[in-house]
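The file my_file30.txt comes next; it holds compact mmCIF, C-alpha atoms.
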# COMPACT_ATOMS: atom_id res chain seq x y z
CA MET D 1303 0.00 0.00 0.00
CA VAL D 1304 1.36 3.42 -0.96
CA LYS D 1305 1.47 6.46 1.29
CA ILE D 1306 -1.63 8.57 1.91
CA TYR D 1307 -0.87 12.28 2.27
CA ARG D 1308 -3.11 14.86 3.91
CA ALA D 1309 -2.83 18.17 2.09
CA ASP D 1310 -2.81 20.31 5.24
CA GLU D 1311 -0.53 23.21 6.22
CA SER D 1312 2.49 20.91 6.39
CA PHE D 1313 2.01 19.47 2.90
CA ASP D 1314 4.55 20.52 0.26
CA HIS D 1315 2.55 21.19 -2.92
CA ALA D 1316 5.71 20.80 -4.97
CA PHE D 1317 4.73 17.13 -4.69
CA PHE D 1318 2.44 17.76 -7.69
CA SER D 1319 5.28 18.83 -9.97
CA GLY D 1320 5.22 16.61 -13.07
CA ALA D 1321 2.50 14.42 -11.58
CA SER D 1322 -0.48 12.80 -13.28
CA CYS D 1323 -3.53 13.22 -11.02
CA ALA D 1324 -6.90 11.51 -11.15
CA PHE D 1325 -9.26 13.82 -9.23
CA GLY D 1326 -12.57 12.79 -7.67
CA VAL D 1327 -14.42 11.78 -4.53
CA PHE D 1328 -14.10 8.09 -5.52
CA ASP D 1329 -16.83 6.72 -3.24
CA GLY D 1330 -16.83 2.97 -3.81
CA VAL D 1331 -13.63 3.05 -5.92
CA HIS D 1332 -15.71 1.40 -8.65
CA ARG D 1333 -14.72 0.33 -12.16
CA GLY D 1334 -15.22 3.82 -13.56
CA HIS D 1335 -12.91 5.25 -10.93
CA ARG D 1336 -10.32 2.56 -11.62
CA PHE D 1337 -10.40 3.44 -15.31
CA LEU D 1338 -9.67 7.08 -14.40
CA LEU D 1339 -6.84 6.01 -12.09
CA ASP D 1340 -5.42 3.76 -14.81
CA CYS D 1341 -5.40 6.76 -17.18
CA ALA D 1342 -3.35 8.71 -14.63
CA ARG D 1343 -0.97 5.78 -14.27
CA GLU D 1344 -0.56 5.59 -18.04
CA THR D 1345 0.30 9.29 -18.52
CA ALA D 1346 2.63 9.09 -15.52
CA ARG D 1347 4.41 6.15 -17.11
CA GLU D 1348 4.74 8.01 -20.41
CA SER D 1349 5.95 11.25 -18.83
CA GLY D 1350 8.08 9.82 -16.05
CA GLY D 1351 6.10 11.52 -13.28
CA ARG D 1352 4.22 10.02 -10.35
CA SER D 1353 0.58 8.96 -10.52
CA VAL D 1354 -1.65 10.44 -7.81
CA ALA D 1355 -5.19 9.74 -6.66
CA LEU D 1356 -6.37 13.21 -5.61
CA THR D 1357 -9.47 13.23 -3.43
CA PHE D 1358 -11.02 14.68 -0.28
CA ASP D 1359 -10.60 13.46 3.29
CA ILE D 1360 -14.39 13.22 3.65
CA ASP D 1361 -17.28 12.92 1.22
CA PRO D 1362 -18.44 16.51 0.47
CA ASP D 1363 -22.05 15.42 0.99
CA GLU D 1364 -21.20 14.82 4.65
CA VAL D 1365 -21.09 18.62 4.87
CA PHE D 1366 -23.97 19.52 2.57
CA HIS D 1367 -26.43 16.62 2.62
CA PRO D 1368 -25.75 14.45 5.68
CA ASP D 1369 -29.44 13.62 6.10
CA ARG D 1370 -29.72 11.86 2.74
CA LEU D 1371 -26.17 10.60 2.28
CA LYS D 1372 -25.72 6.87 1.56
CA LYS D 1373 -22.00 6.16 1.27
CA LEU D 1374 -20.61 3.00 -0.29
CA MET D 1375 -17.75 2.85 2.23
CA THR D 1376 -16.17 4.78 5.09
CA ASN D 1377 -13.64 7.50 4.36
CA ASP D 1378 -10.81 5.38 5.75
CA GLU D 1379 -11.89 2.41 3.59
CA ARG D 1380 -12.03 4.66 0.53
CA LEU D 1381 -8.54 6.07 1.08
CA SER D 1382 -7.13 2.63 1.85
CA MET D 1383 -8.65 1.13 -1.30
CA LEU D 1384 -7.33 4.01 -3.41
CA ALA D 1385 -3.87 3.26 -2.03
CA GLN D 1386 -4.17 -0.28 -3.38
CA THR D 1387 -5.09 0.63 -6.97
CA GLY D 1388 -1.53 0.87 -8.27
CA VAL D 1389 -1.09 4.65 -8.09
CA ASP D 1390 2.11 6.02 -6.59
CA ALA D 1391 0.38 8.10 -3.92
CA VAL D 1392 -2.96 9.27 -2.54
CA VAL D 1393 -3.46 12.93 -1.59
CA ALA D 1394 -6.51 13.84 0.51
CA LEU D 1395 -7.61 17.48 0.53
CA PRO D 1396 -9.26 18.58 3.81
CA PHE D 1397 -12.85 19.39 2.87
CA THR D 1398 -14.47 22.19 4.87
CA ARG D 1399 -17.33 24.61 4.27
CA GLU D 1400 -14.76 27.38 3.79
CA PHE D 1401 -12.92 25.38 1.13
CA ALA D 1402 -16.19 24.45 -0.57
CA ALA D 1403 -17.22 28.13 -0.69
CA SER D 1404 -14.17 29.03 -2.78
CA SER D 1405 -14.69 30.30 -6.31
CA PRO D 1406 -13.55 27.81 -8.98
CA GLU D 1407 -10.40 29.89 -9.50
CA ARG D 1408 -9.63 30.02 -5.77
CA PHE D 1409 -10.41 26.31 -5.44
CA LEU D 1410 -7.64 25.47 -7.93
CA VAL D 1411 -5.19 27.88 -6.27
CA GLN D 1412 -5.81 26.28 -2.87
CA THR D 1413 -5.60 22.75 -4.27
CA PHE D 1414 -2.30 23.09 -6.12
CA ASP D 1415 -0.75 26.18 -4.49
CA GLY D 1416 1.34 27.22 -7.46
CA THR D 1417 2.45 23.75 -8.56
CA PRO D 1418 -0.10 22.39 -11.03
CA PRO D 1419 0.32 18.79 -12.18
CA ALA D 1420 1.41 17.77 -15.66
CA PHE D 1421 -1.84 15.86 -16.25
CA LEU D 1422 -5.24 16.07 -14.58
CA HIS D 1423 -7.78 13.31 -15.28
CA VAL D 1424 -11.43 13.85 -14.32
CA GLY D 1425 -14.86 12.54 -15.22
CA PHE D 1426 -16.59 14.39 -18.05
CA ASP D 1427 -19.14 15.87 -15.61
CA PHE D 1428 -16.57 16.99 -13.01
CA LYS D 1429 -17.65 20.08 -11.06
CA PHE D 1430 -15.72 22.10 -8.49
CA GLY D 1431 -15.82 25.30 -6.46
CA ALA D 1432 -18.71 27.11 -4.82
CA ARG D 1433 -22.13 25.85 -5.96
CA ALA D 1434 -20.25 23.43 -8.25
CA ALA D 1435 -19.83 26.33 -10.67
CA GLY D 1436 -16.50 25.13 -12.12
CA THR D 1437 -16.73 22.87 -15.17
CA VAL D 1438 -14.37 20.86 -17.34
CA ASP D 1439 -14.26 23.84 -19.74
CA ASP D 1440 -12.98 25.97 -16.86
CA LEU D 1441 -10.38 23.33 -16.09
CA ASP D 1442 -9.29 23.33 -19.72
CA ALA D 1443 -8.87 27.11 -19.69
CA TRP D 1444 -6.90 26.96 -16.45
CA GLY D 1445 -4.77 24.09 -17.74
CA SER D 1446 -3.87 25.93 -20.94
CA VAL D 1447 -2.43 28.77 -18.84
CA GLU D 1448 -0.76 26.60 -16.18
CA GLY D 1449 0.64 23.97 -18.54
CA THR D 1450 -1.59 21.14 -17.29
CA HIS D 1451 -3.05 18.67 -19.78
CA VAL D 1452 -6.67 18.22 -18.68
CA ARG D 1453 -8.25 14.95 -19.78
CA ALA D 1454 -11.99 14.44 -19.23
CA HIS D 1455 -13.29 10.88 -19.54
CA GLY D 1456 -16.66 9.22 -19.89
CA LEU D 1457 -16.78 6.39 -17.36
CA LYS D 1458 -18.86 3.85 -19.29
CA SER D 1459 -19.81 0.23 -18.66
CA GLU D 1460 -20.45 -2.43 -21.29
CA ASP D 1461 -24.09 -1.34 -21.65
CA GLY D 1462 -23.02 2.18 -22.60
CA SER D 1463 -24.38 3.82 -19.43
CA PRO D 1464 -22.06 5.80 -17.15
CA ILE D 1465 -20.74 4.04 -14.07
CA THR D 1466 -21.44 6.33 -11.13
CA ALA D 1467 -21.65 5.91 -7.39
CA THR D 1468 -25.25 7.17 -7.59
CA ARG D 1469 -26.18 4.44 -10.06
CA ILE D 1470 -24.62 1.81 -7.80
CA ARG D 1471 -26.43 3.16 -4.73
CA LEU D 1472 -29.76 2.93 -6.54
CA LEU D 1473 -29.05 -0.67 -7.51
CA LEU D 1474 -28.12 -1.53 -3.93
CA ALA D 1475 -31.29 0.12 -2.62
CA ASP D 1476 -33.27 -2.21 -4.90
CA GLY D 1477 -31.33 -5.26 -3.71
CA ALA D 1478 -29.76 -5.67 -7.17
CA ILE D 1479 -26.52 -6.77 -5.59
CA GLU D 1480 -25.12 -8.74 -8.53
CA GLU D 1481 -25.45 -5.81 -10.96
CA ALA D 1482 -24.03 -3.42 -8.35
CA ASN D 1483 -21.06 -5.76 -7.86
CA ARG D 1484 -20.50 -5.86 -11.62
CA LEU D 1485 -20.18 -2.08 -11.72
CA LEU D 1486 -18.05 -2.01 -8.59
CA GLY D 1487 -15.74 -4.68 -9.99
CA ARG D 1488 -15.83 -6.41 -6.60
CA ALA D 1489 -18.26 -7.49 -3.92
CA TYR D 1490 -20.06 -4.68 -2.10
CA PHE D 1491 -19.20 -4.91 1.59
CA MET D 1492 -20.20 -3.58 4.99
CA THR D 1493 -18.01 -3.56 8.05
CA GLY D 1494 -18.88 -3.37 11.71
CA THR D 1495 -18.11 -4.57 15.21
CA VAL D 1496 -20.22 -7.33 16.74
CA THR D 1497 -22.51 -6.21 19.55
CA PRO D 1498 -24.88 -8.20 21.79
CA GLY D 1499 -28.21 -8.89 20.09
CA ARG D 1500 -31.66 -10.09 21.12
CA GLY D 1501 -30.65 -13.73 21.63
CA GLU D 1502 -33.54 -15.29 19.67
CA GLY D 1503 -31.19 -16.64 17.00
CA ALA D 1504 -29.32 -18.85 19.44
CA ASP D 1505 -32.60 -20.07 20.93
CA LEU D 1506 -33.87 -21.00 17.46
CA GLY D 1507 -30.69 -22.77 16.39
CA PHE D 1508 -28.94 -20.14 14.27
CA ARG D 1509 -26.79 -17.67 16.17
CA THR D 1510 -26.16 -14.32 14.51
CA ALA D 1511 -23.41 -11.74 14.77
CA ASN D 1512 -25.20 -8.43 15.21
CA LEU D 1513 -23.81 -5.29 13.60
CA VAL D 1514 -25.21 -1.81 14.16
CA VAL D 1515 -24.41 -0.02 10.90
CA ASP D 1516 -24.73 3.76 10.66
CA ASP D 1517 -27.58 4.73 8.34
CA GLN D 1518 -25.18 6.77 6.16
CA LEU D 1519 -23.24 3.56 5.48
CA ARG D 1520 -26.24 1.39 4.60
CA PRO D 1521 -27.27 1.99 0.99
CA LEU D 1522 -28.21 -1.68 0.66
CA GLY D 1523 -31.94 -2.35 0.62
CA ASP D 1524 -33.56 -4.40 3.38
CA GLY D 1525 -33.63 -8.13 2.73
CA VAL D 1526 -31.85 -11.43 3.21
CA TYR D 1527 -28.61 -11.98 1.34
CA ALA D 1528 -25.98 -14.63 0.68
CA ALA D 1529 -22.55 -13.36 1.60
CA TRP D 1530 -19.04 -14.08 2.78
CA ALA D 1531 -18.07 -12.90 6.26
CA VAL D 1532 -14.43 -12.21 7.06
CA VAL D 1533 -13.34 -12.58 10.69
CA ASP D 1534 -9.69 -12.49 11.78
CA GLY D 1535 -8.65 -13.09 8.17
CA ALA D 1536 -10.81 -16.22 7.79
CA ARG D 1537 -13.76 -16.35 5.38
CA TYR D 1538 -17.10 -17.98 6.20
CA LYS D 1539 -20.24 -18.46 4.15
CA ALA D 1540 -23.01 -16.37 5.66
CA ALA D 1541 -26.75 -15.70 5.49
CA VAL D 1542 -27.38 -12.05 6.32
CA ASN D 1543 -30.46 -10.04 7.31
CA VAL D 1544 -30.17 -6.35 6.41
CA GLY D 1545 -32.74 -4.12 8.09
CA VAL D 1546 -34.78 -4.53 11.24
CA ALA D 1547 -36.18 -8.05 11.58
CA ALA D 1548 -39.95 -7.58 11.22
CA THR D 1549 -40.88 -10.49 13.50
CA PHE D 1550 -38.90 -8.90 16.35
CA ALA D 1551 -39.33 -5.24 15.35
CA ASP D 1552 -40.49 -4.25 18.84
CA ARG D 1553 -37.10 -5.11 20.34
CA ALA D 1554 -34.68 -5.24 17.39
CA THR D 1555 -31.58 -3.03 17.41
CA ALA D 1556 -29.16 -4.50 14.87
CA THR D 1557 -29.43 -3.41 11.25
CA CYS D 1558 -27.25 -6.24 9.95
CA GLU D 1559 -27.51 -9.76 11.40
CA VAL D 1560 -24.96 -12.25 10.11
CA HIS D 1561 -25.23 -16.03 10.52
CA LEU D 1562 -21.79 -17.52 9.84
CA LEU D 1563 -21.89 -21.12 8.64
CA ASP D 1564 -19.59 -23.54 10.45
CA PHE D 1565 -18.24 -20.93 12.85
CA SER D 1566 -17.75 -21.61 16.55
CA GLY D 1567 -16.43 -19.17 19.08
CA ASP D 1568 -17.13 -15.77 20.58
CA LEU D 1569 -17.55 -12.88 18.16
CA TYR D 1570 -18.46 -10.09 20.58
CA GLY D 1571 -16.27 -7.05 20.03
CA LYS D 1572 -14.71 -8.43 16.85
CA PRO D 1573 -14.73 -6.50 13.56
CA ILE D 1574 -16.46 -8.28 10.65
CA LYS D 1575 -16.39 -7.52 6.95
CA VAL D 1576 -19.48 -8.80 5.11
CA GLU D 1577 -19.21 -9.21 1.31
CA PHE D 1578 -22.65 -9.44 -0.31
CA LEU D 1579 -23.15 -11.66 -3.37
CA HIS D 1580 -26.83 -12.62 -3.87
CA TRP D 1581 -30.26 -11.35 -2.83
CA LEU D 1582 -32.37 -14.20 -1.42
CA ARG D 1583 -35.68 -12.74 -0.28
CA PRO D 1584 -37.35 -9.64 1.20
CA MET D 1585 -37.67 -9.14 4.94
CA ARG D 1586 -41.09 -10.23 6.15
CA LYS D 1587 -43.05 -10.89 9.31
CA PHE D 1588 -43.79 -14.56 9.97
CA ASP D 1589 -47.06 -15.85 11.38
CA ASP D 1590 -45.37 -18.32 13.70
CA ILE D 1591 -41.91 -19.41 14.83
CA ASP D 1592 -42.02 -22.71 12.90
CA GLU D 1593 -42.47 -20.85 9.61
CA LEU D 1594 -39.61 -18.49 10.54
CA VAL D 1595 -37.25 -21.35 11.42
CA ALA D 1596 -38.07 -23.31 8.24
CA THR D 1597 -37.51 -20.23 6.04
CA VAL D 1598 -34.22 -19.28 7.69
CA GLN D 1599 -32.97 -22.86 7.50
CA GLY D 1600 -33.81 -22.85 3.80
CA ASN D 1601 -31.84 -19.64 3.31
CA ILE D 1602 -28.86 -21.10 5.15
CA GLN D 1603 -28.99 -24.27 3.04
CA TRP D 1604 -29.06 -22.18 -0.15
CA VAL D 1605 -25.93 -20.38 0.98
CA ARG D 1606 -24.22 -23.66 1.83
CA ASP D 1607 -25.09 -25.21 -1.53
CA ASN D 1608 -24.49 -22.22 -3.82
CA LEU D 1609 -21.61 -20.09 -2.54
Would you encode the structure as structure tokens?
Amino acid sequence: MVKIYRADESFDHAFFSGASCAFGVFDGVHRGHRFLLDCARETARESGGRSVALTFDIDPDEVFHPDRLKKLMTNDERLSMLAQTGVDAVVALPFTREFAASSPERFLVQTFDGTPPAFLHVGFDFKFGARAAGTVDDLDAWGSVEGTHVRAHGLKSEDGSPITATRIRLLLADGAIEEANRLLGRAYFMTGTVTPGRGEGADLGFRTANLVVDDQLRPLGDGVYAAWAVVDGARYKAAVNVGVAATFADRATATCEVHLLDFSGDLYGKPIKVEFLHWLRPMRKFDDIDELVATVQGNIQWVRDNL
């Protein structure tokens, strides 16, 4: 993993000299983002400079739209994944309301502080500065003066539609996990630390690891999914409830309940990464416990047979 730099007061902006930067928020680090990063790596290889993933330390919508934000990953996960994409470095710009209020011209001055990169790769709809007033045309004009080659790219999938984090979030909200994973280029995952749950699962014969996931980090629609759960580096097949269990809604707290197949031991306090692969069924309220047990056992058997 390469170094992650925070572009604060101590950061030397001469770091950008001769660099090829891919600039974006990069929530999800999906296939479209990876294409953009690969373009930066290619121009860096041709020019002899370093390739840089240039992003923000937080998602800007955490400042402007926290009530409706549905992130695909935490900020730390996003930066860590960017550092594993093959670029030479990751630079995270501190995102504040003051920075966001900058005019497009001031935004670029603050970002590069007199040392513009050799190449700047962005999505074709890239916007920047106060009220997102800056456009790719503005970047082109700035680049022609500063000596930066601005390259705007359409981030397309095989079906010709743009790959965007918004498109992936909408798919996840509908439970279309396989299509979302195709656009991500990997399995969508949630992470969390196991907390004590209601205890019904153990009584009914299928213990669950209970994760309380922040609503901002839960774009996935409610339902039951087949997944892999990663604990202490080991992978286990898992049947996962996402959302509040309707049968126990009056006393449910966890928003992600994970039944790990063939696991024994204590999970309390342990971090778990859950990689979602298939949607199995919607959440529903059962008329009696026997129906609940039979349905859950069927879900678990599907996971065992098909993952």
Can you check which parts of segment 1303-1346 of chain D lie within 9 Å of segment 1481-1496 of chain D? Per residue, the shortest pair of atoms and distance in Å to one decimal, counting all atoms listed in the file, sorted by chain and number, as a Markdown table.
| residue | atom | partner | partner_atom | distance |
| --- | --- | --- | --- | --- |
| D:Gly1330 | CA | D:Leu1486 | CA | 7.0 |
| D:Val1331 | CA | D:Leu1486 | CA | 7.2 |
| D:His1332 | CA | D:Leu1486 | CA | 4.1 |
| D:Arg1333 | CA | D:Leu1486 | CA | 5.4 |
| D:Gly1334 | CA | D:Leu1485 | CA | 7.9 |
- Message: Please report the interatomic distance between atom CA of Asp1440 of chain D and atom CA of Phe1317 of chain D in Å with one decimal.
- Response: 23.2 Å
Counting only C-alpha atoms, what is within 8 Å of Val1452 of chain D, bar same-chain residues fewer than 6 positions away, as a short mmCIF file (atom, residue, chain, number, x, y, z; two decimals) with C-alpha atoms, keeping the file's coordinate frame?
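As written to disk, part_29.cif reads:
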data_model
loop_
_atom_site.label_atom_id
_atom_site.label_comp_id
_atom_site.auth_asym_id
_atom_site.auth_seq_id
_atom_site.Cartn_x
_atom_site.Cartn_y
_atom_site.Cartn_z
CA PHE D 1421 -1.84 15.86 -16.25
CA LEU D 1422 -5.24 16.07 -14.58
CA HIS D 1423 -7.78 13.31 -15.28
CA VAL D 1424 -11.43 13.85 -14.32
CA LEU D 1441 -10.38 23.33 -16.09
CA ASP D 1442 -9.29 23.33 -19.72
CA GLY D 1445 -4.77 24.09 -17.74
#
- Excluding same-chain residues fewer than 5 positions from Ala1346 of chain D, what lies within 7 Å of it counting all atoms listed in the file, as a ChimeraX atom specification? /D:1321-1322,1351-1353
What are the closest atom pairs, with distances in Å to one decimal, for each residue of segment 1309-1421 of chain D lying within 12 Å of segment 1457-1470 of chain D, using all atoms listed in the file, rows by chain and rising residue number, as JSON lines?
{"residue": "D:Gly1326", "atom": "CA", "partner": "D:Ala1467", "partner_atom": "CA", "distance": 11.4}
{"residue": "D:Val1327", "atom": "CA", "partner": "D:Ala1467", "partner_atom": "CA", "distance": 9.7}
{"residue": "D:Phe1328", "atom": "CA", "partner": "D:Ala1467", "partner_atom": "CA", "distance": 8.1}
{"residue": "D:Asp1329", "atom": "CA", "partner": "D:Ala1467", "partner_atom": "CA", "distance": 6.4}
{"residue": "D:Gly1330", "atom": "CA", "partner": "D:Ala1467", "partner_atom": "CA", "distance": 6.7}
{"residue": "D:Val1331", "atom": "CA", "partner": "D:Ala1467", "partner_atom": "CA", "distance": 8.6}
{"residue": "D:His1332", "atom": "CA", "partner": "D:Ala1467", "partner_atom": "CA", "distance": 7.6}
{"residue": "D:Arg1333", "atom": "CA", "partner": "D:Ile1465", "partner_atom": "CA", "distance": 7.3}
{"residue": "D:Gly1334", "atom": "CA", "partner": "D:Leu1457", "partner_atom": "CA", "distance": 4.8}
{"residue": "D:His1335", "atom": "CA", "partner": "D:Leu1457", "partner_atom": "CA", "distance": 7.6}
{"residue": "D:Arg1336", "atom": "CA", "partner": "D:Leu1457", "partner_atom": "CA", "distance": 9.5}
{"residue": "D:Phe1337", "atom": "CA", "partner": "D:Leu1457", "partner_atom": "CA", "distance": 7.3}
{"residue": "D:Leu1338", "atom": "CA", "partner": "D:Leu1457", "partner_atom": "CA", "distance": 7.7}
{"residue": "D:Leu1339", "atom": "CA", "partner": "D:Leu1457", "partner_atom": "CA", "distance": 11.3}
{"residue": "D:Asp1340", "atom": "CA", "partner": "D:Leu1457", "partner_atom": "CA", "distance": 11.9}
{"residue": "D:Cys1341", "atom": "CA", "partner": "D:Leu1457", "partner_atom": "CA", "distance": 11.4}
{"residue": "D:Asp1361", "atom": "CA", "partner": "D:Ala1467", "partner_atom": "CA", "distance": 11.9}
{"residue": "D:Leu1371", "atom": "CA", "partner": "D:Thr1468", "partner_atom": "CA", "distance": 10.5}
{"residue": "D:Lys1372", "atom": "CA", "partner": "D:Thr1468", "partner_atom": "CA", "distance": 9.2}
{"residue": "D:Lys1373", "atom": "CA", "partner": "D:Ala1467", "partner_atom": "CA", "distance": 8.7}
{"residue": "D:Leu1374", "atom": "CA", "partner": "D:Ala1467", "partner_atom": "CA", "distance": 7.7}
{"residue": "D:Met1375", "atom": "CA", "partner": "D:Ala1467", "partner_atom": "CA", "distance": 10.8}
- Task: With a distance cut-off of 6 Å and all atoms listed in the file, select the neighbouring residues of Leu1395 of chain D, excluding the residue or stretch itself and same-chain residues fewer than 2 positions from it, and output the selection as a ChimeraX atom specification.
- Result: /D:1309,1358-1359
- Which of these residues is nearest to Lys1539 of chain D, using all atoms listed in the file: D:His1580, D:Val1515, D:Leu1569, D:Asp1589?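 Among D:His1580, D:Val1515, D:Leu1569, D:Asp1589, it is D:His1580 that comes nearest to Lys1539 of chain D.
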- Cut-off 6 Å around (-33.4, -15.7, 2.5) with all atoms listed in the file: residues as a list in words: Val1526, Leu1582, Arg1583 and Asn1601 of chain D
- Task: Measure the distance from atom CA of Ala1316 of chain D to atom CA of Gly1431 of chain D in Å and round it to one decimal.
- Result: 22.0 Å
- Coordinates-based distance that separates atom CA of Leu1563 of chain D from atom CA of Arg1509 of chain D (Å, one decimal): 9.6 Å
Might you pull out every residue within 8 Å of Met1303 of chain D, with all atoms listed in the file counted and same-chain residues fewer than 6 positions away left off, and present them as a PDB file with C-alpha atoms, in the coordinates of the input?
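Output saved as around_24.pdb:
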ATOM      1  CA  SER D1382      -7.130   2.630   1.850  1.00  0.00           C
ATOM      2  CA  ALA D1385      -3.870   3.260  -2.030  1.00  0.00           C
ATOM      3  CA  GLN D1386      -4.170  -0.280  -3.380  1.00  0.00           C
TER       4      GLN D1386
END
- Among D:Leu1513, D:Cys1323, D:Val1542, D:Ala1454, Lys1429 of chain D is approached most closely, using all atoms listed in the file, by D:Ala1454
- Message: Show me, as number ranges by chain, the residues that have an atom within 9 Å of Ala1394 of chain D when counting only C-alpha atoms, minus same-chain residues fewer than 6 positions from it.
- Response: D: 1306-1310, 1355-1360, 1381
